[in-house]
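Written below as structure tokens is the structure these notes are about.
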Amino acid sequence: MRKIERQIEVIEQLDQFIRLGETGTPDQLAEKLEISKTSLFQIIIAMKQLNASIVFDIKLQSYVFEKSTNFRYGFYTRQLYGEEVLEVSSNGTQSIIASVDFKYPSLRIV
């Protein structure tokens, strides 16, 4: 698996553990994610820079989101003005690529 794919997978897993309240301590979470504690902290810092409100709750002994937070990354198709278009979504920003039936799509930022 390529490095970027693994990083996205780790972020998705981290997001899921946080939502379930099952992260445990940083040591436990790093072990669950099969990464080093240093890598875990680097990922958490990067997520915070992208507006994820992650904090460690001492009472729960788990990471939590202070505010409602959604992680969505990938390629999606949807209807826009009656046409099916390809949408790339990352960190809450969206870009419409083009109609799915275009032979040579062009990039358009919305």
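Ligands are numbered from 1 in the order shown, chains are lettered A, B, ... in the order of the structure tokens, and residues start at 1 in each chain.
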Practice task
May I have the residues within 12 Å of Ala46 (chain A) as a list in words, using only C-alpha atoms and disregarding those fewer than 6 positions away in the same chain?
Solution key: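 That gives Gln7, Ile11, Ser39, Leu40, Ala52, Ser53, Ile54 and Asn91 of chain A.
Look at Phe41 (chain A): the protein and nucleic acid residues within 10 Å of it, using only C-alpha atoms and passing over chain neighbours fewer than 6 places away, are Pro26, Ala30 and Met47 of chain A.
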Exercise for the section: Skip Phe17 (chain A) itself and residues of its chain fewer than 2 positions away, then list as an MDAnalysis selection string all residues within 12 Å of it, counting only C-alpha atoms. Expected result: chainID A and resid 10:15 19:25 28:30 32:33 54 62:65
Exercise for the section: Among the residues of region 5-77 of chain A, find those DSSP assigns to alpha helix (DSSP H) from the backbone and print them as number ranges by chain. Expected result: A: 5-20, 26-33, 37-49
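Between CA of Thr38 (chain A) and CA of Ile58 (chain A) there is a distance of 19.6 Å.
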Problem - Between CA of Gln49 (chain A) and CA of Thr69 (chain A) - distance in Å to one decimal - result: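 Interatomic distance here is 13.3 Å.
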